[in-house]
Each structure stands twice: as structure tokens, then as C-alpha cells.
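Asks: Input structure: input.cif, which contains mmCIF, C-alpha atoms.
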```cif
data_structure
loop_
_atom_site.group_PDB
_atom_site.id
_atom_site.type_symbol
_atom_site.label_atom_id
_atom_site.label_comp_id
_atom_site.auth_asym_id
_atom_site.auth_seq_id
_atom_site.Cartn_x
_atom_site.Cartn_y
_atom_site.Cartn_z
ATOM 1 C CA MET A 1 -9.535 26.152 36.766
ATOM 2 C CA ASP A 2 -12.946 25.042 37.993
ATOM 3 C CA ALA A 3 -13.077 21.252 38.278
ATOM 4 C CA THR A 4 -16.824 21.356 37.757
ATOM 5 C CA ALA A 5 -16.773 23.646 34.722
ATOM 6 C CA LEU A 6 -17.752 22.383 31.293
ATOM 7 C CA TYR A 7 -16.178 23.664 28.103
ATOM 8 C CA SER A 8 -17.442 23.853 24.558
ATOM 9 C CA ILE A 9 -15.223 22.898 21.614
ATOM 10 C CA GLY A 10 -14.673 26.596 20.937
ATOM 11 C CA GLU A 11 -13.477 27.166 24.499
ATOM 12 C CA LEU A 12 -11.166 24.129 24.311
ATOM 13 C CA SER A 13 -9.748 25.535 21.097
ATOM 14 C CA ARG A 14 -8.963 28.867 22.756
ATOM 15 C CA ARG A 15 -7.366 27.199 25.784
ATOM 16 C CA THR A 16 -5.251 24.633 23.891
ATOM 17 C CA GLY A 17 -4.529 26.479 20.648
ATOM 18 C CA LEU A 18 -5.857 23.517 18.634
ATOM 19 C CA PRO A 19 -8.229 24.152 15.721
ATOM 20 C CA VAL A 20 -11.897 23.338 16.351
ATOM 21 C CA ARG A 21 -11.944 20.766 13.552
ATOM 22 C CA THR A 22 -8.916 18.981 15.079
ATOM 23 C CA ILE A 23 -10.632 18.737 18.464
ATOM 24 C CA ARG A 24 -13.766 17.498 16.747
ATOM 25 C CA PHE A 25 -11.683 14.824 14.952
ATOM 26 C CA TYR A 26 -10.149 13.663 18.238
ATOM 27 C CA SER A 27 -13.589 13.613 19.785
ATOM 28 C CA ASP A 28 -15.095 11.580 16.928
ATOM 29 C CA ALA A 29 -12.158 9.145 17.184
ATOM 30 C CA GLY A 30 -12.869 8.654 20.895
ATOM 31 C CA VAL A 31 -9.454 9.920 21.955
ATOM 32 C CA VAL A 32 -10.972 12.797 23.916
ATOM 33 C CA ALA A 33 -14.665 11.993 24.221
ATOM 34 C CA PRO A 34 -17.182 14.664 25.329
ATOM 35 C CA THR A 35 -18.235 14.551 28.952
ATOM 36 C CA THR A 36 -21.821 15.385 28.147
ATOM 37 C CA ARG A 37 -23.926 17.400 25.731
ATOM 38 C CA SER A 38 -25.843 20.625 26.133
ATOM 39 C CA PRO A 39 -29.667 20.704 25.835
ATOM 40 C CA ALA A 40 -29.119 21.846 22.256
ATOM 41 C CA GLY A 41 -26.892 18.789 21.563
ATOM 42 C CA TYR A 42 -23.513 20.549 21.581
ATOM 43 C CA ARG A 43 -20.545 18.650 23.009
ATOM 44 C CA LEU A 44 -19.241 19.729 26.390
ATOM 45 C CA TYR A 45 -15.965 18.723 28.043
ATOM 46 C CA ASP A 46 -14.813 18.759 31.654
ATOM 47 C CA LEU A 47 -11.424 19.620 33.146
ATOM 48 C CA ASP A 48 -10.124 16.052 32.709
ATOM 49 C CA ALA A 49 -10.916 16.209 29.005
ATOM 50 C CA LEU A 50 -9.082 19.548 28.768
ATOM 51 C CA LEU A 51 -6.003 18.071 30.457
ATOM 52 C CA ARG A 52 -6.133 14.987 28.213
ATOM 53 C CA LEU A 53 -6.308 17.246 25.175
ATOM 54 C CA GLU A 54 -3.297 19.287 26.310
ATOM 55 C CA LEU A 55 -1.272 16.112 26.849
ATOM 56 C CA LEU A 56 -2.402 14.824 23.463
ATOM 57 C CA ARG A 57 -1.259 18.033 21.797
ATOM 58 C CA THR A 58 2.141 17.842 23.496
ATOM 59 C CA LEU A 59 2.716 14.198 22.507
ATOM 60 C CA ARG A 60 1.607 14.820 18.921
ATOM 61 C CA GLU A 61 3.966 17.799 18.664
ATOM 62 C CA LEU A 62 6.741 15.462 19.793
ATOM 63 C CA GLY A 63 5.827 13.141 16.936
ATOM 64 C CA VAL A 64 4.059 10.376 18.874
ATOM 65 C CA ASP A 65 1.484 8.607 16.703
ATOM 66 C CA LEU A 66 -2.200 8.816 17.617
ATOM 67 C CA ALA A 67 -2.561 5.122 18.459
ATOM 68 C CA THR A 68 0.226 5.384 21.043
ATOM 69 C CA VAL A 69 -1.275 8.600 22.419
ATOM 70 C CA GLN A 70 -4.558 6.745 22.877
ATOM 71 C CA ARG A 71 -2.787 4.037 24.901
ATOM 72 C CA VAL A 72 -1.168 6.701 27.106
ATOM 73 C CA LEU A 73 -4.475 8.417 27.692
ATOM 74 C CA ASP A 74 -6.057 5.051 28.508
ATOM 75 C CA ARG A 75 -3.151 4.442 30.953
ATOM 76 C CA GLU A 76 -1.972 1.357 29.088
ATOM 77 C CA LEU A 77 1.408 3.068 28.702
ATOM 78 C CA SER A 78 3.083 5.628 30.905
ATOM 79 C CA VAL A 79 4.333 8.925 29.523
ATOM 80 C CA ALA A 80 7.857 7.902 30.612
ATOM 81 C CA GLU A 81 7.709 4.677 28.592
ATOM 82 C CA VAL A 82 6.494 6.501 25.516
ATOM 83 C CA ALA A 83 9.087 9.241 25.952
ATOM 84 C CA ALA A 84 11.917 6.706 26.198
ATOM 85 C CA ALA A 85 10.807 4.802 23.097
ATOM 86 C CA HIS A 86 10.228 7.975 21.140
ATOM 87 C CA ALA A 87 13.587 9.412 22.175
ATOM 88 C CA ASP A 88 15.247 6.304 20.708
ATOM 89 C CA ALA A 89 13.323 6.763 17.488
ATOM 90 C CA VAL A 90 14.306 10.432 17.336
ATOM 91 C CA ASP A 91 17.961 9.447 17.836
ATOM 92 C CA VAL A 92 17.734 7.234 14.745
ATOM 93 C CA GLN A 93 16.126 10.043 12.773
ATOM 94 C CA ILE A 94 18.839 12.460 13.863
ATOM 95 C CA ARG A 95 21.585 10.049 12.793
ATOM 96 C CA MET A 96 19.950 9.590 9.400
ATOM 97 C CA LEU A 97 19.567 13.343 8.952
ATOM 98 C CA GLN A 98 23.206 13.894 9.922
ATOM 99 C CA LEU A 99 24.298 11.249 7.451
ATOM 100 C CA ARG A 100 22.089 12.739 4.743
ATOM 101 C CA ARG A 101 23.604 16.168 5.449
ATOM 102 C CA SER A 102 27.117 14.761 5.059
ATOM 103 C CA VAL A 103 26.231 13.073 1.760
ATOM 104 C CA LEU A 104 24.743 16.304 0.425
ATOM 105 C CA ARG A 105 27.896 18.190 1.362
ATOM 106 C CA VAL A 106 30.026 15.648 -0.487
ATOM 107 C CA VAL A 107 27.771 15.860 -3.541
ATOM 108 C CA ALA A 108 27.923 19.667 -3.468
ATOM 109 C CA GLY A 109 31.685 19.745 -2.940
ATOM 110 C CA ARG A 110 32.541 17.169 -5.590
ATOM 111 C CA GLY A 111 29.927 18.134 -8.143
ATOM 112 C CA SER A 112 28.820 14.497 -8.253
ATOM 113 C CA ASP A 113 26.785 13.232 -11.184
ATOM 114 C CA PRO A 114 23.428 11.430 -10.633
ATOM 115 C CA GLU A 115 24.982 7.939 -10.651
ATOM 116 C CA GLU A 116 27.638 8.787 -8.080
ATOM 117 C CA THR A 117 25.031 10.521 -5.939
ATOM 118 C CA LYS A 118 22.810 7.421 -5.988
ATOM 119 C CA LEU A 119 25.795 5.211 -5.130
ATOM 120 C CA MET A 120 26.785 7.399 -2.178
ATOM 121 C CA HIS A 121 23.225 7.451 -0.905
ATOM 122 C CA ARG A 122 22.876 3.666 -1.221
ATOM 123 C CA LEU A 123 26.173 2.894 0.512
ATOM 124 C CA THR A 124 25.631 5.312 3.376
ATOM 125 C CA GLN A 125 22.074 4.079 3.924
ATOM 126 C CA LEU A 126 23.376 0.659 4.918
ATOM 127 C CA SER A 127 22.746 -0.209 8.533
ATOM 128 C CA ASP A 128 25.643 -0.751 10.947
ATOM 129 C CA GLU A 129 25.103 -4.504 10.606
ATOM 130 C CA GLU A 130 25.078 -4.323 6.803
ATOM 131 C CA ARG A 131 28.271 -2.269 6.772
ATOM 132 C CA ARG A 132 29.964 -4.776 9.076
ATOM 133 C CA ARG A 133 28.789 -7.621 6.852
ATOM 134 C CA LEU A 134 30.248 -5.844 3.812
ATOM 135 C CA ILE A 135 33.654 -5.648 5.502
ATOM 136 C CA ASP A 136 33.398 -9.207 6.880
ATOM 137 C CA ASP A 137 32.655 -10.513 3.380
ATOM 138 C CA PHE A 138 35.703 -8.658 2.085
ATOM 139 C CA ILE A 139 37.977 -10.076 4.789
ATOM 140 C CA ASP A 140 36.595 -13.610 4.512
ATOM 141 C CA GLY A 141 36.714 -13.528 0.721
ATOM 142 C CA THR A 142 40.238 -12.137 0.654
ATOM 143 C CA PHE A 143 41.881 -13.994 3.532
ATOM 144 C CA GLY A 144 39.496 -16.885 4.093
ATOM 145 C CA THR A 145 41.742 -19.564 2.628
ATOM 146 C CA VAL A 146 43.069 -22.402 4.750
ATOM 147 C CA ASP A 147 46.622 -21.133 4.334
ATOM 148 C CA ALA A 148 45.792 -17.569 5.362
ATOM 149 C CA GLU A 149 48.239 -16.025 7.790
ATOM 150 C CA PRO A 150 46.387 -15.483 11.129
ATOM 151 C CA ALA A 151 48.457 -12.374 11.856
ATOM 152 C CA VAL A 152 47.314 -10.831 8.571
ATOM 153 C CA VAL A 153 43.632 -11.524 9.245
ATOM 154 C CA ALA A 154 43.955 -10.165 12.786
ATOM 155 C CA MET A 155 45.664 -7.020 11.479
ATOM 156 C CA VAL A 156 42.910 -6.314 8.953
ATOM 157 C CA ARG A 157 40.085 -7.077 11.406
ATOM 158 C CA ALA A 158 41.634 -4.848 14.071
ATOM 159 C CA ALA A 159 41.341 -1.919 11.675
ATOM 160 C CA THR A 160 37.749 -2.511 10.559
ATOM 161 C CA PRO A 161 36.334 0.741 9.151
ATOM 162 C CA ASP A 162 33.378 1.968 11.211
ATOM 163 C CA LEU A 163 31.432 4.956 9.882
ATOM 164 C CA PRO A 164 30.364 7.110 12.877
ATOM 165 C CA ASP A 165 26.782 8.239 13.490
ATOM 166 C CA ASP A 166 27.610 11.835 12.577
ATOM 167 C CA PRO A 167 30.287 11.507 9.873
ATOM 168 C CA SER A 168 32.040 14.436 8.281
ATOM 169 C CA SER A 169 31.821 14.887 4.524
ATOM 170 C CA GLU A 170 35.414 13.600 4.332
ATOM 171 C CA GLN A 171 34.441 10.416 6.186
ATOM 172 C CA VAL A 172 31.439 9.850 3.904
ATOM 173 C CA ALA A 173 33.596 10.280 0.797
ATOM 174 C CA ALA A 174 36.217 7.928 2.272
ATOM 175 C CA TRP A 175 33.588 5.298 3.133
ATOM 176 C CA VAL A 176 32.142 5.365 -0.399
ATOM 177 C CA GLU A 177 35.603 5.048 -1.963
ATOM 178 C CA LEU A 178 36.465 2.265 0.482
ATOM 179 C CA ALA A 179 33.275 0.344 -0.319
ATOM 180 C CA GLU A 180 34.056 0.518 -4.026
ATOM 181 C CA LEU A 181 37.674 -0.496 -3.459
ATOM 182 C CA ILE A 182 36.956 -3.647 -1.455
ATOM 183 C CA GLY A 183 34.586 -4.863 -4.166
ATOM 184 C CA ASP A 184 37.409 -4.843 -6.724
ATOM 185 C CA GLU A 185 38.897 -8.321 -7.251
ATOM 186 C CA ASP A 186 42.198 -6.878 -8.458
ATOM 187 C CA PHE A 187 42.505 -4.887 -5.235
ATOM 188 C CA ARG A 188 41.718 -7.985 -3.162
ATOM 189 C CA ALA A 189 44.571 -9.821 -4.842
ATOM 190 C CA ARG A 190 46.897 -6.882 -4.214
ATOM 191 C CA ILE A 191 46.128 -6.499 -0.509
ATOM 192 C CA ARG A 192 46.379 -10.255 0.022
ATOM 193 C CA ARG A 193 49.823 -10.321 -1.592
ATOM 194 C CA THR A 194 51.224 -7.277 0.185
ATOM 195 C CA ALA A 195 49.706 -8.123 3.576
ATOM 196 C CA VAL A 196 51.145 -11.631 3.521
ATOM 197 C CA HIS A 197 54.565 -10.296 2.544
ATOM 198 C CA GLN A 198 54.537 -7.648 5.287
ATOM 199 C CA ALA A 199 53.287 -10.060 7.956
ATOM 200 C CA ALA A 200 56.131 -12.441 7.131
ATOM 201 C CA GLY A 201 58.602 -9.624 7.729
ATOM 202 C CA ARG A 202 60.652 -10.555 4.673
ATOM 203 C CA THR A 203 63.043 -8.086 3.079
ATOM 204 C CA LEU A 204 62.398 -7.389 -0.577
ATOM 205 C CA ASP A 205 64.976 -8.778 -2.978
ATOM 206 C CA ILE A 206 65.600 -5.313 -4.409
ATOM 207 C CA GLU A 207 66.278 -3.999 -0.896
ATOM 208 C CA SER A 208 68.813 -6.721 -0.141
ATOM 209 C CA GLU A 209 70.597 -6.388 -3.475
ATOM 210 C CA ALA A 210 70.613 -2.587 -3.508
ATOM 211 C CA GLY A 211 72.180 -2.435 -0.066
ATOM 212 C CA GLU A 212 71.285 -0.568 3.098
ATOM 213 C CA GLU A 213 73.074 2.627 2.092
ATOM 214 C CA LEU A 214 71.096 3.118 -1.129
ATOM 215 C CA MET A 215 67.834 2.055 0.513
ATOM 216 C CA GLU A 216 68.304 4.518 3.368
ATOM 217 C CA PHE A 217 69.094 7.249 0.837
ATOM 218 C CA THR A 218 65.946 6.343 -1.100
ATOM 219 C CA ARG A 219 63.736 6.424 1.968
ATOM 220 C CA GLN A 220 65.176 9.789 2.970
ATOM 221 C CA LYS A 221 64.681 11.376 -0.464
ATOM 222 C CA VAL A 222 61.131 10.094 -0.842
ATOM 223 C CA ALA A 223 60.238 11.154 2.699
ATOM 224 C CA GLU A 224 61.560 14.646 1.964
ATOM 225 C CA ALA A 225 59.535 14.803 -1.245
ATOM 226 C CA ARG A 226 56.372 13.771 0.559
ATOM 227 C CA GLU A 227 56.943 16.227 3.392
ATOM 228 C CA SER A 228 57.401 18.975 0.778
ATOM 229 C CA GLY A 229 54.038 18.070 -0.701
ATOM 230 C CA ILE A 230 55.465 16.889 -4.016
ATOM 231 C CA ASP A 231 52.889 14.924 -5.986
ATOM 232 C CA PRO A 232 54.412 11.663 -7.318
ATOM 233 C CA LEU A 233 52.427 12.247 -10.516
ATOM 234 C CA GLY A 234 53.566 15.858 -10.888
ATOM 235 C CA ASP A 235 56.493 17.449 -12.679
ATOM 236 C CA ARG A 236 58.318 18.247 -9.434
ATOM 237 C CA ALA A 237 58.753 14.524 -8.792
ATOM 238 C CA ALA A 238 60.761 13.992 -12.008
ATOM 239 C CA PRO A 239 64.187 15.146 -10.706
ATOM 240 C CA VAL A 240 63.806 13.041 -7.561
ATOM 241 C CA ILE A 241 62.854 9.886 -9.413
ATOM 242 C CA ASP A 242 65.430 10.405 -12.175
ATOM 243 C CA ASP A 243 68.212 10.591 -9.605
ATOM 244 C CA LEU A 244 67.026 7.455 -7.801
ATOM 245 C CA VAL A 245 66.587 5.459 -11.015
ATOM 246 C CA HIS A 246 70.137 6.287 -12.108
ATOM 247 C CA ARG A 247 71.535 5.264 -8.715
ATOM 248 C CA PHE A 248 69.695 1.930 -8.801
ATOM 249 C CA ALA A 249 70.670 1.336 -12.439
ATOM 250 C CA GLU A 250 74.312 1.824 -11.535
ATOM 251 C CA VAL A 251 74.106 -0.700 -8.687
ATOM 252 C CA PHE A 252 72.280 -3.273 -10.823
ATOM 253 C CA ALA A 253 74.358 -2.562 -13.931
ATOM 254 C CA ARG A 254 71.229 -1.777 -15.932
ATOM 255 C CA THR A 255 70.181 0.968 -18.324
ATOM 256 C CA PRO A 256 67.963 3.557 -16.572
ATOM 257 C CA ASP A 257 65.237 3.320 -19.207
ATOM 258 C CA ALA A 258 61.460 2.738 -19.078
ATOM 259 C CA GLU A 259 61.935 -1.032 -18.831
ATOM 260 C CA PHE A 260 64.161 -0.657 -15.778
ATOM 261 C CA ARG A 261 61.719 1.740 -14.136
ATOM 262 C CA ASP A 262 58.935 -0.773 -14.684
ATOM 263 C CA TRP A 263 61.089 -3.499 -13.150
ATOM 264 C CA MET A 264 61.808 -1.324 -10.112
ATOM 265 C CA ALA A 265 58.100 -0.580 -9.640
ATOM 266 C CA ARG A 266 57.188 -4.267 -9.784
ATOM 267 C CA GLN A 267 59.874 -5.128 -7.240
ATOM 268 C CA PHE A 268 58.589 -2.611 -4.703
ATOM 269 C CA GLU A 269 54.955 -3.501 -5.404
ATOM 270 C CA GLU A 270 55.498 -6.951 -3.900
ATOM 271 C CA ALA A 271 55.012 -5.471 -0.442
ATOM 272 C CA HIS A 272 54.031 -1.838 -0.970
ATOM 273 C CA ASP A 273 51.149 -1.249 -3.341
ATOM 274 C CA PRO A 274 49.731 2.308 -3.754
ATOM 275 C CA ARG A 275 46.146 1.009 -3.779
ATOM 276 C CA VAL A 276 46.746 -0.880 -0.553
ATOM 277 C CA ASP A 277 48.281 2.244 0.961
ATOM 278 C CA ARG A 278 45.144 4.092 -0.129
ATOM 279 C CA TYR A 279 42.974 1.488 1.612
ATOM 280 C CA TRP A 280 44.711 2.084 4.936
ATOM 281 C CA ARG A 281 44.454 5.852 4.535
ATOM 282 C CA LEU A 282 40.715 5.525 3.905
ATOM 283 C CA VAL A 283 40.308 3.298 6.969
ATOM 284 C CA TRP A 284 42.045 5.900 9.129
ATOM 285 C CA ILE A 285 39.813 8.665 7.746
ATOM 286 C CA VAL A 286 36.567 6.699 8.224
ATOM 287 C CA ASN A 287 37.514 5.752 11.782
ATOM 288 C CA GLY A 288 38.595 9.288 12.621
ATOM 289 C CA TRP A 289 42.123 8.182 13.447
ATOM 290 C CA GLN A 290 44.983 10.637 13.191
ATOM 291 C CA VAL A 291 47.044 10.072 10.069
ATOM 292 C CA VAL A 292 50.665 10.056 11.134
ATOM 293 C CA PRO A 293 52.823 10.751 8.045
ATOM 294 C CA ASP A 294 55.930 9.188 9.565
ATOM 295 C CA LEU A 295 54.146 5.840 9.858
ATOM 296 C CA LEU A 296 53.130 5.725 6.198
ATOM 297 C CA PRO A 297 55.415 3.693 3.907
ATOM 298 C CA VAL A 298 57.462 5.687 1.425
ATOM 299 C CA TYR A 299 57.354 3.041 -1.297
ATOM 300 C CA PRO A 300 53.817 3.748 -2.621
ATOM 301 C CA TRP A 301 54.981 7.283 -3.505
ATOM 302 C CA LEU A 302 58.045 5.835 -5.210
ATOM 303 C CA ILE A 303 55.978 3.287 -7.146
ATOM 304 C CA GLN A 304 53.522 5.920 -8.359
ATOM 305 C CA ALA A 305 56.369 8.162 -9.476
ATOM 306 C CA LEU A 306 58.046 5.289 -11.312
ATOM 307 C CA ARG A 307 54.815 4.291 -13.041
ATOM 308 C CA ASN A 308 54.014 7.875 -13.960
ATOM 309 C CA ASP A 309 57.475 8.463 -15.425
ATOM 310 C CA ARG A 310 57.183 5.312 -17.510
ATOM 311 C CA ASP A 311 53.733 6.174 -18.813
ATOM 312 C CA ALA A 312 54.760 9.727 -19.614
#
```
In C-alpha cells, what does this structure look like?
Replies:
Amino acid sequence: MDATALYSIGELSRRTGLPVRTIRFYSDAGVVAPTTRSPAGYRLYDLDALLRLELLRTLRELGVDLATVQRVLDRELSVAEVAAAHADAVDVQIRMLQLRRSVLRVVAGRGSDPEETKLMHRLTQLSDEERRRLIDDFIDGTFGTVDAEPAVVAMVRAATPDLPDDPSSEQVAAWVELAELIGDEDFRARIRRTAVHQAAGRTLDIESEAGEELMEFTRQKVAEARESGIDPLGDRAAPVIDDLVHRFAEVFARTPDAEFRDWMARQFEEAHDPRVDRYWRLVWIVNGWQVVPDLLPVYPWLIQALRNDRDA
């Protein structure tokens, strides 16, 4: 290029690929002012103006606003400073797009109605700080009493759900369900009761009275049912639960009827509630932790099966 050459707007357009009217707009705005004018009054630009225009085009294509471009061209900001700030902004945009993609996949997969779609969008749009505050409010509201067991609070805080920047559709669905669950006062009462009982390490009365042999048999049978993929609410669970109910009824000298099944369910619910078990499963999913079946309590399956049999 000739450092002394002057270029018309048409020539700048051919060299930069920018439309003539765009160059004229930048010129009128003073971003890339003409170097001089021809005898006929046409704007002419030198090599510096051409280079400024090429940089302007590059920054605009990267999404940098015109006011910031002007500051770069006026040397108030360096290209490196602008690039760093803009890269951060792009990172935020990428995270939001990834989150939006995950929500859309959940909506498509679940066939969500408009209300559920709006709820998912609202909950996932919360900032990291707002999501933490939601969980903190749940923990403080549930375990914030003066007699709260410190070990319980520490256990719940150590497993704070943290939605990642690029969540899977499963993690989005789990986060939405979790957010709804922790807002339920009945659930709060349940997790407070079961967590306190578990932290104290007390044996359930029904466990002590039934004896270790029957309890070990129960744990084995339920574990086998779960490993076989038997749904506690399905028909395949009926033979398993019928056998267990009759064994417990014999030990407690009770009739294995609906009333006894309800009593059994309430006894096990003192420390093992299905909704609380669901909470921990959701936390593991949101955090991307591996769900280890052997570490999950067998009693929630048993309780669900007992409740289902009674309601049937």
C-alpha cells in the first residue's frame, strides 16, 4: 500500500468489504473521519483511515459496541483490554445459550405445557448468587432453629446443589424439580425430621422389635427388587411386599391388612422418607455426582410399595 495514497469511499468499500453507506455513517459519526476532500468536495481517506476502518470492522464483527470501538481508535483503550472484557461477556452469553439449549431439550423431551416451560425458564435464569440464596433460604428456614443439630446442617450444606454452566437436560430437569421441592413446607418438615433422626444414629423402634434377622432379610429382598428394576408402584412389587408384610405381621402378632401396612410405612418414614430420598437423588444429578445404588437406602422403596399396596 502507498502511505501517501488517498482513497474514495468507493475504494474503501472495495478494500474492506463494507457497504458505502456504512462507511459514510462511520465518517459522519467521526469514527473514521475523512483525511481531506477532493476539489469536487468528495471525501478522501488516507492509509491510516483505511487501517482504522479495517480494525473497526473486525471489532464490530466480534460484537464490540461502537462507543467502545471509538475509544480503541482514539487510543483510550487498548485492543487487548477490549478483547479481554468482550471475551468475558461472550462467555456469559455462551453459558446462557447453553442453558437455554438445555431447557429447550427438556421442554421437547417432556412435552411441557406453557406454565411448566415458563417455570423452567424462570428458575434456570437465576444467577449463581440467586440460586445459592434459594438454597441458603431453604437450609436456614428448615434447620435454622436454635436446637438444630449442627451435624445435620453441615451435612445438607456440604451437598449444596450447584447447577453447572453447561448443564445437561437431565440436570436442568433435576434443578427445576429440586427448586419446587424445597419450596414445599411439607417436604421441609419431612427432611428436618428424617435428617435429625439419621444424624442421631438412632435405631428405629420397628427395627429393634423386628430383630436383626428379619431386618437383614428385608434389606436383602428390597435390594434385590431394586437391582432387578422392580418399580415399587408396579405389579411386580406385590409379591415382594406381601411376603414381607406377612413376616412382620407374624413377628408383631398383627393382621397383615391395610392398617398394618400403613403402620409399617409410618414406622419406616421416621428416618427414611421417599421424598427426602428423591431430594438427595436430585442433588446428585444436579451436581453431576455418580449415583451409587448401594449407598441409597432401601426403605424409601419399601415405604412406597407399602403405601401403594394400601391405596390399591
Asks: Using all atoms listed in the file, which of the listed residues (A:Ala158, A:Leu181, A:Ile241, A:Ala49) sits closest to Tyr279 in chain A?
Replies: A:Leu181
Asks: Within 12 Å of (31.2, 3.9, 14.1), all atoms listed in the file: residues as a PyMOL selection string?
Replies: chain A and resi 95+127-129+131-132+159-167+171-172+175+283+285-289
Asks: What is the distance between CA of Met264 in chain A and CA of Val245 in chain A, in Å to one decimal?
Replies: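 Interatomic distance here is 8.3 Å.
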Asks: Which residue, A:Ala189, A:Val31, A:Val153, A:Ala305, has the smallest gap to Ala225 in chain A when you use all atoms listed in the file?
Replies: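 Closest residue, counting all atoms listed in the file: A:Ala305.
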Asks: Which is closer to Leu233 in chain A than all the others in A:Trp301, A:Ser27, A:Leu18, A:Asp184, using all atoms listed in the file?
Replies: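 Smallest separation from Leu233 in chain A among the options: A:Trp301.
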Asks: Can you tell me how far CA of Glu269 in chain A sits from CA of Arg281 in chain A, in Å to one decimal?
Replies: 17.2 Å
Asks: On this structure, which residues satisfy the PyMOL selection byres ((chain A and resi 191) around 9), written as a count of residues only?
Replies: 16
Asks: With all atoms listed in the file as the basis for distance, which of A:Ala154, A:Ala179, A:Ala253, A:Leu302 is at the shortest distance from Ile230 in chain A?
Replies: A:Leu302
Asks: One number please: CA of Tyr7 in chain A to CA of Leu44 in chain A, in Å, one decimal.
Replies: 5.3 Å
Asks: Taking the file as I've supplied it (selection: the PyMOL selection byres ((chain A and resi 259) around 12)), which residues are included? Please answer as a PyMOL selection string.
Replies: chain A and resi 245+249+254-258+260-266+306-307+309-311
Asks: Restricting the calculation to all atoms listed in the file: of A:Arg157, A:Asp231, A:Leu77, A:Leu6, which residue gets closest to Ser38 in chain A?
Replies: A:Leu6
Asks: Considering all atoms listed in the file, state which residue in the set A:Leu282, A:Leu244, A:Ile94, A:Val107 is at the smallest distance from Leu214 in chain A.
Replies: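 Residue with the minimum atom-to-atom distance to Leu214 in chain A: A:Leu244.
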Asks: Name the residues captured by the PyMOL selection byres ((chain A and resi 220) around 12) when it is applied to the shown file; answer as a list in words.
Replies: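 Output from the PyMOL selection byres ((chain A and resi 220) around 12), applied to this file: Glu213, Leu214, Met215, Glu216, Phe217, Thr218, Arg219, Lys221, Val222, Ala223, Glu224, Ala225, Arg226, Glu227, Val240, Leu244, Asp294, Pro297, Val298, Tyr299 and Leu302 of chain A.
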Asks: With 5 Å of padding per side, what axis-aligned box (centre and edge lengths, Å, one decimal) covers all the listed atoms of range 60-72 of chain A? Give it as AutoDock Vina command-line options.
Replies:
```
--center_x 1.1 --center_y 10.9 --center_z 21.9 --size_x 21.3 --size_y 23.8 --size_z 20.4
```
